[in-house]
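Novice: Here it is: the structure, laid out below.
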Amino acid sequence: MRNGTIFDIKEFSIHDGPGVRITVFMKGCPLRCLWCHNPEGFSVQPQLMYKKNLCTNCGKCFLPCNHPECAPFNRCIHACQNGCLSVSGQTLTSNELTEKLLSYQSFLSISDGGITFSGGEPLLQADFILEVAKQLPHIHKAIQTSGFSDFETYKKTIDGFDYILQDIKIADDVMHKKYTGVSNRNILENIEYLKQIGKPFVLRLPLIPGITDTEENLKAVSQIAGDFPVELLRYNMLAGVKYEMLGLRYPLSDIHNSSKDYTRFFKNAILK
Amino acid sequence: MKKELLEYIVSKKHHVFRREIPELENMAEIFKSQGLSSKERMTQRFERLSELETPVLLENEKICFLRTIKNIPDIFTTDEWQKIKEKHFIHELGYMSNLCPNYEKAIRVGLLEIQKEADVYGKRIIDAIFKLSDRYKAEAEKQGKCALSKILERVPRYGASSFYEALQFFRIIHCSLWLEGNYHVTIGRIDQYIYPYLKNDLEKGIYTRETALELLEDFFISFNKDSDLYPGVQQGDNGQSMVLGGVTAEGKDAFNLLSELCLEASGNLLLIDPKINLRVNKNTPLEVYEKGAELTKAGLGFPQYSNDDVVIEGLTRLGYELKDARNYAIAACWEYIIPNYGADVANIGALSFPKIIDTCLHRDMENCETFADFMQAVEKEIRNETKSMCSRIQNLWFVPSPFMHALFDGGIYEGGKYNNFGFHGTGIATAADSLAAIQLHVYDQKTISADTLIQAVDSDFKDYSALLPILRYETPKMGNNEDLPDQNAVWLLHIFSDSLKGQTNCRGGIYRAGTGSAMYYLWHANEIGASPDGRRKGEPFGTNFSPSLFARIHGPISVIQSFTKPELSSAINGGPLTLEFAASMFQGEDSIKKIAIFIKSYIKMGGHQLQLNAVNSALMKDAQEHPERHQQLVVRIWGWSAYFVALDKEYQEHVIRRQQYQL
C-alpha cells in the first residue's frame, strides 16, 4: 500500500468536471506557473498556513510545545485561539484516502456526482491515485492534470479515470518554459494520445492576460484542440491570496481580466 | 414588469397617504369605562378604523387597498392586560397570529355567504369591509378606473369570477385581517386556491402568460405596501409566507403554472415579501429545483425548501389526517400549519439544548462515573424541562378576532380541528458538539478533568487558553459527517421529541418538537456562558438547524450528511437546515443545475427543510466587522473556494466589489 500527500478535499466543486464533484488536491507539482492560485500545491512537504488577518499577535504559538508535528515549523500549531494556523499537507495511505472518499459515496450516488483528482500535479503521485481509484469502482472519477509526465505514467493514469480535464497553457515551448518552468514537449505528446483514445475529456486553457491570452497562443492552441472541447478559464483575480499565508510572494500582482471575445478562436470553446 | 409601481413603493412614496391618529390611543380606556366585551371591542375598533381609512388608488397599481392609518390602538388597558395575564397564558402579543384561514372558500363563495354563517360580530365586521370596499369602488369610478370599479362591484361580496377578482379579493381579506389586529397573517397555498381562476382566464384568452405575470407582480408588490406597519421582532418578520408546489390532498403533483409565475414574479421584483416556500419531494423534477435555485441566486434568502416526504409523514404521525397533512402550509417562518383546520400555536416556546448541557455539566457531572451516566442526567433534564415548559402553558387565551373566526369553517375562538403547540429546539449543534467534547476529553481520553472543564467554561477559558483551541478547533463538530457529535444530535432530538409524547396541552392538543431557533439563537446563547465545545461567552448559536458558527466545516456535503442523520419526521414543528452560499457560486447555467442537484440530494437524503442563501455584500461587510460570526461564509474564487473571513482585507474588498457587479 502506498502513501500519498494531499492538501485539501473540496466538497461541491462546481467547475471540476461533470455533475457535483468532490475534488482531492494532491500536493506537489513540477510546474511553477506564474499565475498558480494553489501555491500550497507546489511542494510535497507539509507547510504552515498563517491567516494574518485573524491574528491578534498574542504570541501563544511561539511558546515551546512538545508536539512532534509542530517541530518542523518552530510554532505550536495547536495554540491559536483564533484559528490562524493550519498545516497544509497530509500524508495518508491509499486505504485511508479511499475511506475518506467512500464517506461521500451515498451522496455521490444520490446526486450522480463524482470525484476529481487535482493538485498540485496528480501525475506526480500516479501510483497512489491509481491505487485509490481502483478501490472506487462505482464512483465516477476525473483527473485534472497538466499532463507533465512521461508517456507511460500518463497512459496508465488516464486509463484508470473516466474523464480527463487536461490543461493546455502555452503552445510554444520556449514560452512554456518561461512561464511554467518546464518544457511542454511531453505534455503535447500526451495530449495527442488523449485525442486518440476516445475517452471523454476537455482541454482547459487559463486566460492569463499578456501570457496565454495572446492571439498567437490562442490560435496555436486552437490548432491542437481542433474540434475537441476547450474550456477557457478567466484569470482568477484572487489567485495571489494564498501566497502570503505561506510566506511567499505572488509574482503576478496587478493584472486584470480582459473582456475580449476569446471563444472566436476556437471551434468548440466554453468560457468559464 | 411595472417599474413605476415598484419604484413608487420601494421609495415609500405611498407613505404620504398615511396619518397617525393620536386620539385613537384612548380607545381602550373608553372601552373599559363602557365595560365592553372583547368581541365588542374588536368589532368596534375595526368599524372605527375602517371608517377612518381613506381609499387611495395609486397611479400605476391594479390591485388596490392601502393602509392609511398607522396606529392600531390596543383594545385593553395595561391594567386589563395585567388582569388577563394573571388568569391566562398569553402568547406573544395576545392577538391571533400565524394562522392560515380558509382563503379558498371565501374567494370562491364571497363574503356575503361567509357573513351568513358568521356570528353577530363577524357580520358587523364584514359589513364594515363592504363599506370600505364600496368607498374604494366609488373612488375608482371617480378616477375613471372602470376595470377596478367593476371588480369591486363583485368582490368581496360575491365569489371571484376571474384571476384579477381573485387577487383583489385576497388583498381585501389580507388587509382586513391585519386591520383587525391579527398579525403574522400567513398566505398559504396561493398557487392552489387561485390557480383555477388563472386557468380559466388563460383558456378564455383573457390573459397570456406575460399579462398574468404582470398582474401577479402588481399583487406581489401589495405585500410590501403596509408591511413596515406590521408588528415583528425585526422589519420583515411578518409571517407573510407563501407556499408553492407540493402535492394535492389526493397526493398528486401540485406544481402548476401559477407556482412557476410566483417564483418568477419574486425573482423579478426582488422584494422581501411575500416569503416563498417551495414544497418538493424526492420525485419533484430537477427543473423545479432549478427554478428554485434561480430565485435563490437573486439573494433574497428564498425559496425555503420543504420536503413533503418527511413533513407529511411526520404530521400524520402526530395525528394529522393524511389529506390535511398533504395540504400543509407555513406559518411565520417555517412552522407547519394546516389551512382552515390548524389552530396550532407553533412557536409557543423553545427548548435550549445547550442550557440543558450547561445545567448538567455544573450540577451532575461530578456524580457521573461514565459518559452513559452523564447522558442519563441530560435525558432526565430534558424531560423535566419540557414537562415544566408544558405545565407553564395553562389557560391559553387569545383576543377573539371575529373576522378571522368567520374565515375558519367552524370558527377559531376556542381552537380548531388541530390545537397543537410547537416548541423550537435551539442550539442543537452547540449541544451535540459539547457532548462530543465531554465524551472525548473527560470520559474516553480522560485528558481534561470534569473540574477543569467546568472552570474553563466558567472563566470563559481565561486561564485555560491552551484548552480553548483544542475544544474549539480540534474536537469533532456536527457538520463534518462524524458520528461522535452527529449521533449526539440524533439522540438529543429523539429525547426532545419523545419527552413530549403523551403530553396533552390545555386546548386538548399535543406538543410538537422542532428544529427552529427563531431569535433564540441569540437569546438562549446569552442565558449561558461559554460552552464545552469551545464557544466563548456571548457567541451566538448557529441559526436554526445548522453547524456551530466557528466549526471548521469540510463543506456543504458533509453538512447535509450530518444533518440528515436524525429522523427529522419525528421533530416536525419546522426549522430548516440553513446554508449560506456565496452568490458567486451561482454564476452560470451549469452552476444553477448543480445547486439544484445539491438541494434535491438533501431532500432525497431525508432532509426536512432547507434554507439556502446566496450571500450578499451586506453580509460580507458585516463579516469584516465581525469575522467571528461568519466563519462559514464561503466565497468561490474560480477554481477554489475560500472562507471569506480568512481572506485578507484587500481580497475581501475585491469580492465585495464583484458582488455589487452581480447585483
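In the C-alpha cells, chains take letters A, B, ... by order of appearance, with residues numbered from 1 within each chain and ligands from 1 in the order shown.
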Specify as a PyMOL selection string all residues of chain A found within 10 Å of chain B, counting only C-alpha atoms.
Specialist: chain A and resi 8-16+18-23+37-38+50-54+60+77-84+103-104+106-113+233-242+244-245+272
Novice: Write out as a list in words the residues lying within 9 Å of region 116-119 of chain A, counting only C-alpha atoms and excluding same-chain residues fewer than 5 positions away.
Specialist: Ile6, Phe7, Asp8, Asp16, Gly17, Arg21, Ile22, Thr23, Val24, Phe25, Met26, Lys27, Gly28, Cys29, Asn38, Gly41, Phe42, Ile129, His140, Lys141, Ala142, Ile143, Gln144, Thr145 and Tyr163 of chain A
Novice: Generate the output file for the selected residues, N, CA and C atoms, as a PDB file, in the first residue's frame.
Specialist:
ATOM      1  N   ILE A   6      -1.895  14.888   0.287  1.00  0.00           N
ATOM      2  CA  ILE A   6      -2.928  15.767  -0.269  1.00  0.00           C
ATOM      3  C   ILE A   6      -2.885  17.083   0.501  1.00  0.00           C
ATOM      4  N   PHE A   7      -3.449  18.141  -0.080  1.00  0.00           N
ATOM      5  CA  PHE A   7      -3.552  19.356   0.737  1.00  0.00           C
ATOM      6  C   PHE A   7      -4.989  19.792   0.974  1.00  0.00           C
ATOM      7  N   ASP A   8      -5.946  19.174   0.315  1.00  0.00           N
ATOM      8  CA  ASP A   8      -7.339  19.554   0.591  1.00  0.00           C
ATOM      9  C   ASP A   8      -8.282  18.559  -0.069  1.00  0.00           C
ATOM     10  N   ASP A  16     -15.155  21.441 -11.668  1.00  0.00           N
ATOM     11  CA  ASP A  16     -14.130  20.408 -11.786  1.00  0.00           C
ATOM     12  C   ASP A  16     -14.621  19.105 -12.400  1.00  0.00           C
ATOM     13  N   GLY A  17     -15.499  19.223 -13.387  1.00  0.00           N
ATOM     14  CA  GLY A  17     -15.959  18.012 -14.051  1.00  0.00           C
ATOM     15  C   GLY A  17     -17.473  17.944 -14.070  1.00  0.00           C
ATOM     16  N   ARG A  21     -19.044  17.563  -7.827  1.00  0.00           N
ATOM     17  CA  ARG A  21     -17.751  16.906  -7.628  1.00  0.00           C
ATOM     18  C   ARG A  21     -17.208  17.079  -6.216  1.00  0.00           C
ATOM     19  N   ILE A  22     -16.444  16.089  -5.820  1.00  0.00           N
ATOM     20  CA  ILE A  22     -15.568  16.208  -4.659  1.00  0.00           C
ATOM     21  C   ILE A  22     -14.163  16.244  -5.246  1.00  0.00           C
ATOM     22  N   THR A  23     -13.392  17.262  -4.943  1.00  0.00           N
ATOM     23  CA  THR A  23     -12.063  17.375  -5.542  1.00  0.00           C
ATOM     24  C   THR A  23     -10.975  17.120  -4.502  1.00  0.00           C
ATOM     25  N   VAL A  24     -10.081  16.198  -4.849  1.00  0.00           N
ATOM     26  CA  VAL A  24      -8.941  15.907  -3.980  1.00  0.00           C
ATOM     27  C   VAL A  24      -7.725  16.620  -4.554  1.00  0.00           C
ATOM     28  N   PHE A  25      -7.110  17.454  -3.748  1.00  0.00           N
ATOM     29  CA  PHE A  25      -5.941  18.198  -4.217  1.00  0.00           C
ATOM     30  C   PHE A  25      -4.666  17.491  -3.757  1.00  0.00           C
ATOM     31  N   MET A  26      -3.901  17.012  -4.737  1.00  0.00           N
ATOM     32  CA  MET A  26      -2.661  16.301  -4.449  1.00  0.00           C
ATOM     33  C   MET A  26      -1.537  17.328  -4.280  1.00  0.00           C
ATOM     34  N   LYS A  27      -0.671  17.068  -3.330  1.00  0.00           N
ATOM     35  CA  LYS A  27       0.369  18.056  -3.020  1.00  0.00           C
ATOM     36  C   LYS A  27       1.672  17.740  -3.765  1.00  0.00           C
ATOM     37  N   GLY A  28       2.245  18.756  -4.350  1.00  0.00           N
ATOM     38  CA  GLY A  28       3.485  18.593  -5.108  1.00  0.00           C
ATOM     39  C   GLY A  28       3.249  18.797  -6.592  1.00  0.00           C
ATOM     40  N   CYS A  29       4.084  19.651  -7.208  1.00  0.00           N
ATOM     41  CA  CYS A  29       3.907  19.930  -8.630  1.00  0.00           C
ATOM     42  C   CYS A  29       5.248  20.281  -9.255  1.00  0.00           C
ATOM     43  N   ASN A  38      -2.934  27.929  -6.408  1.00  0.00           N
ATOM     44  CA  ASN A  38      -2.800  26.944  -5.334  1.00  0.00           C
ATOM     45  C   ASN A  38      -1.328  26.726  -4.980  1.00  0.00           C
ATOM     46  N   GLY A  41       0.235  23.782  -3.373  1.00  0.00           N
ATOM     47  CA  GLY A  41       0.388  22.557  -4.154  1.00  0.00           C
ATOM     48  C   GLY A  41       1.780  22.395  -4.733  1.00  0.00           C
ATOM     49  N   PHE A  42       2.637  23.425  -4.624  1.00  0.00           N
ATOM     50  CA  PHE A  42       3.990  23.344  -5.205  1.00  0.00           C
ATOM     51  C   PHE A  42       4.812  22.226  -4.558  1.00  0.00           C
ATOM     52  N   ILE A 129      -2.658   7.485  -6.653  1.00  0.00           N
ATOM     53  CA  ILE A 129      -4.049   7.783  -7.018  1.00  0.00           C
ATOM     54  C   ILE A 129      -4.684   6.615  -7.769  1.00  0.00           C
ATOM     55  N   HIS A 140     -17.825   7.822 -10.315  1.00  0.00           N
ATOM     56  CA  HIS A 140     -17.253   8.486 -11.493  1.00  0.00           C
ATOM     57  C   HIS A 140     -16.001   9.252 -11.071  1.00  0.00           C
ATOM     58  N   LYS A 141     -14.906   9.004 -11.804  1.00  0.00           N
ATOM     59  CA  LYS A 141     -13.629   9.584 -11.402  1.00  0.00           C
ATOM     60  C   LYS A 141     -13.044  10.439 -12.527  1.00  0.00           C
ATOM     61  N   ALA A 142     -12.631  11.644 -12.170  1.00  0.00           N
ATOM     62  CA  ALA A 142     -11.996  12.523 -13.148  1.00  0.00           C
ATOM     63  C   ALA A 142     -10.618  12.907 -12.640  1.00  0.00           C
ATOM     64  N   ILE A 143      -9.768  13.308 -13.573  1.00  0.00           N
ATOM     65  CA  ILE A 143      -8.453  13.803 -13.171  1.00  0.00           C
ATOM     66  C   ILE A 143      -8.201  15.112 -13.894  1.00  0.00           C
ATOM     67  N   GLN A 144      -7.654  16.057 -13.134  1.00  0.00           N
ATOM     68  CA  GLN A 144      -7.283  17.337 -13.733  1.00  0.00           C
ATOM     69  C   GLN A 144      -5.775  17.433 -13.693  1.00  0.00           C
ATOM     70  N   THR A 145      -5.164  17.550 -14.847  1.00  0.00           N
ATOM     71  CA  THR A 145      -3.708  17.421 -14.892  1.00  0.00           C
ATOM     72  C   THR A 145      -3.067  18.387 -15.867  1.00  0.00           C
ATOM     73  N   TYR A 163     -12.856  10.533 -16.889  1.00  0.00           N
ATOM     74  CA  TYR A 163     -12.975  11.841 -17.534  1.00  0.00           C
ATOM     75  C   TYR A 163     -11.699  12.623 -17.248  1.00  0.00           C
TER      76      TYR A 163
END
Novice: Mind the document's chain letters and residue numbers, and return as an MDAnalysis selection string the residues of region 12-150 of chain B that DSSP labels helix (DSSP H, G or I).
Specialist: chainID B and resid 13:17 22:34 38:52 78:87 103:109 111:117 120:142 146:150
Novice: Please return, as number ranges by chain, all residues of region 18-155 of chain A that DSSP assigns to strand (DSSP E or B) on the basis of the backbone.
Specialist: A: 21-26, 47-50, 85-88, 90-93, 114-119, 140-145
